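**Student:** After the structure tokens below, expect a handful of questions from me.
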Amino acid sequence: MPAEQRLIDIELHAQPYHTSNQHTPMRGIFRFFIKLIIFLLVLPWLYALILLVIPPPITITQATSMVEGHGLKRDYLPLHQIPENAAWAVIAAEDQTFAQHSGFDFAGIEKAMESNAKGKRVRGASTISQQVAKNVFLWQGRSWLRKGLETYCTFVIEVLWSKKRIVYTYLNIVEMGKGVFGIEAAAQHYFQKPAAQLTANESARIAAALPSPKTYKVNPASGYIAKRATWIERQTRNLKQDQQLKQIIQHEH
């Protein structure tokens with residue numbers, strides 16, 4: 001082989017080969033977003049496991065209440081100290097199929113969609129599980145993003161938590177008045193007594209205001225709250241025949 005040809009071959013083989021590294025920056029960005037998505041998907045599971053041991057330190061809704069000037073009145077109770085009649089009241093008011101569903105009331109959602117299509121005003125179809133997911137993990141408001149995240153977080157707590165923990169966590173963290181969170185703070189705010197001393201009617205009046213706790217008057221009760229509380233008490237008497245609900249609500253003695 002001529003010397004010139006050998007020189008050309010050597011130069012060709014000495015050329016750096018960069019083809020495999022051309023897309024490295026894009027691959028790095030792609031890997032970052034994949035890791036971020038995995039982290040965000042895992043985070044609710046980790047937090048839900050932590051909340052099996054401790055109550056939520058603070059929620060976005062509670063922080064928002066302080067920022068808006070409503071303050072923050074709350075007094076978390078151990079689950080076994082939350083009165084059973086309060087649990088019966090919120091289930092009667094908000095989610096009567098609580099024992100049967102796995103986080104989502106599809107029949108209620110379908111009914112709400114049909115009523116909305118007809119232009120009728122209807123209460124939301126969110127279950128207690130969905131409301132816990134929203135209040136513990138997320139923020140208030142209406143958007144497809146929040147609803148999607150709420151659906152995922154609802155699935156998480158339905159897998160990791162018992163039904164008893166879900167309903168009693170709800171009673172500890174849900175907003176029950178301006179800056180008033182949880183049944184203990186609500187009992188003190190409205191009736192100047194601990195939650196353990198609430199009567200069935202007083203619990204029903206607090207539950208009756210849950211769709212709009214900043215608007216309705218619990219004590220003295222407005223005409224609407226008084227009427228709805230009576231309905232809740234009647235529904236509670238019927239629901240107490242449900243053995244599944246009894247097992248969920250009754251404390252172990």
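To be explicit about the labels: the chains of the structure tokens are called A, B, and onward in the order shown, and within each one the residues are counted from 1, while ligands get numbers from 1 in the order they are shown.
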Quick one: residues within 6 Å of range 72-85 of chain A, only C-alpha atoms, excluding same-chain residues fewer than 4 positions away - as a list in words?

**Tutor:**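 Listed by chain and then number, they are Met66, Tyr168, Asn172, Gly179, Val180, Phe181, Glu184, Ala185, Ala196 and Ala200 of chain A.
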
**Student:** Put those residues in a file: C-alpha atoms, as a PDB file, in the first residue's frame.

**Tutor:**
```pdb
ATOM      1  CA  MET A  66     -54.161  32.156  57.972  1.00  0.00           C
ATOM      2  CA  TYR A 168     -61.973  10.231  61.501  1.00  0.00           C
ATOM      3  CA  ASN A 172     -59.993  16.266  62.363  1.00  0.00           C
ATOM      4  CA  GLY A 179     -60.638  29.450  60.330  1.00  0.00           C
ATOM      5  CA  VAL A 180     -62.192  26.560  62.263  1.00  0.00           C
ATOM      6  CA  PHE A 181     -60.830  23.112  61.421  1.00  0.00           C
ATOM      7  CA  GLU A 184     -63.057  19.663  68.403  1.00  0.00           C
ATOM      8  CA  ALA A 185     -62.435  23.252  67.306  1.00  0.00           C
ATOM      9  CA  ALA A 196     -67.067  14.505  73.296  1.00  0.00           C
ATOM     10  CA  ALA A 200     -76.534  14.223  68.041  1.00  0.00           C
TER      11      ALA A 200
END
```

**Student:** As a PyMOL selection string, list the residues of range 146-245 of chain A assigned to strand (DSSP E or B) by DSSP on the backbone atoms of this structure.

**Tutor:** chain A and resi 175-177+180-181

**Student:** Quick one: residues within 12 Å of Lys246 in chain A, only C-alpha atoms, excluding same-chain residues fewer than 4 positions away - as a list in words?

**Tutor:** Glu84, Asn85, Ala87, Trp88, Ile91, Phe98, Ala99, Lys163, Lys164, Thr236, Arg237, Asn238, Leu239, Lys240, Gln241, Asp242, Gln250, His251 and Glu252 of chain A

**Student:** Show me, as an MDAnalysis selection string, the residues that have an atom within 9 Å of Phe155 in chain A when counting only C-alpha atoms, minus same-chain residues fewer than 3 positions from it.

**Tutor:** chainID A and resid 102:103 129:130 133 150:152 158:160

**Student:** Can you list, as a list in words, every residue of range 35-79 of chain A that DSSP puts in alpha helix (DSSP H)?

**Tutor:**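 Alpha helix (DSSP H) members of range 35-79 of chain A, listed: Lys35, Leu36, Ile37, Ile38, Phe39, Leu40, Leu41, Val42, Leu43, Pro44, Trp45, Leu46, Tyr47, Ala48, Leu49, Ile50, Ile60, Thr61, Gln62, Ala63, Thr64, Ser65, Met66 and Val67 of chain A.
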
**Student:** Between A:Trp139, A:His101, A:Gly69, A:Ala195, single out the one closest to Gln244 in chain A, counting only C-alpha atoms.

**Tutor:**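 Among A:Trp139, A:His101, A:Gly69, A:Ala195, it is A:His101 that comes nearest to Gln244 in chain A.
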
**Student:** When you draw a straight line from CA of Thr59 in chain A to CA of Val136 in chain A, how long is it in Å?

**Tutor:**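 Taking CA of Thr59 in chain A and CA of Val136 in chain A, their separation equals 5.7 Å.
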
**Student:** Which neighbours of range 217-234 of chain A fall inside 8 Å, counting only C-alpha atoms, when residues of the same chain fewer than 2 positions from it are skipped, and could you give them as a list in words?

**Tutor:** Ala89, Ala92, Ala93, Tyr190, Phe191, Ala200, Asn201, Ala204, Arg205, Ile206, Ala207, Ala208, Ala209, Thr215, Thr236, Arg237 and Asn238 of chain A

**Student:** Using only C-alpha atoms, find the one residue out of A:Phe33, A:Tyr216, A:Phe137, A:Phe106 that sits nearest to Val156 in chain A.

**Tutor:**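 Ranked by minimum distance to Val156 in chain A, first place goes to A:Phe137.
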
**Student:** For Lys178 in chain A, please output as a list in words all residues within 8 Å (counting only C-alpha atoms; exclusion window: fewer than 4 positions along the same chain).

**Tutor:**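 Contacts, in chain order: Ser65, His70, Gly71, Pro213 and Lys214 of chain A.
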
**Student:** Take the selection from the previous step and output its residues with C-alpha atoms, as an mmCIF file, in the first residue's frame.

**Tutor:**
```cif
data_model
loop_
_atom_site.group_PDB
_atom_site.id
_atom_site.type_symbol
_atom_site.label_atom_id
_atom_site.label_comp_id
_atom_site.auth_asym_id
_atom_site.auth_seq_id
_atom_site.Cartn_x
_atom_site.Cartn_y
_atom_site.Cartn_z
ATOM 1 C CA SER A 65 -56.952 30.486 55.998
ATOM 2 C CA HIS A 70 -59.307 33.990 59.140
ATOM 3 C CA GLY A 71 -56.765 32.491 61.522
ATOM 4 C CA PRO A 213 -69.072 26.311 56.394
ATOM 5 C CA LYS A 214 -68.065 29.959 56.024
#
```

**Student:** Can you measure CA of Ser212 in chain A to CA of Gln235 in chain A for me? One decimal in Å is fine.

**Tutor:**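 If I compute the distance from CA of Ser212 in chain A to CA of Gln235 in chain A, I get 20.2 Å.
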
**Student:** Enter the distance from CA of Ile109 in chain A to CA of Ser143 in chain A, in Å, rounded to one decimal.

**Tutor:**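 Result for CA of Ile109 in chain A versus CA of Ser143 in chain A: 16.5 Å, one decimal.
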
**Student:** When you look at Asn135 in chain A with a cut-off of 8 Å (counting only C-alpha atoms), what residues show up, excluding the ones that are within fewer than 6 positions of it in the same chain? I need them as a ChimeraX atom specification.

**Tutor:** /A:59-61,173-174
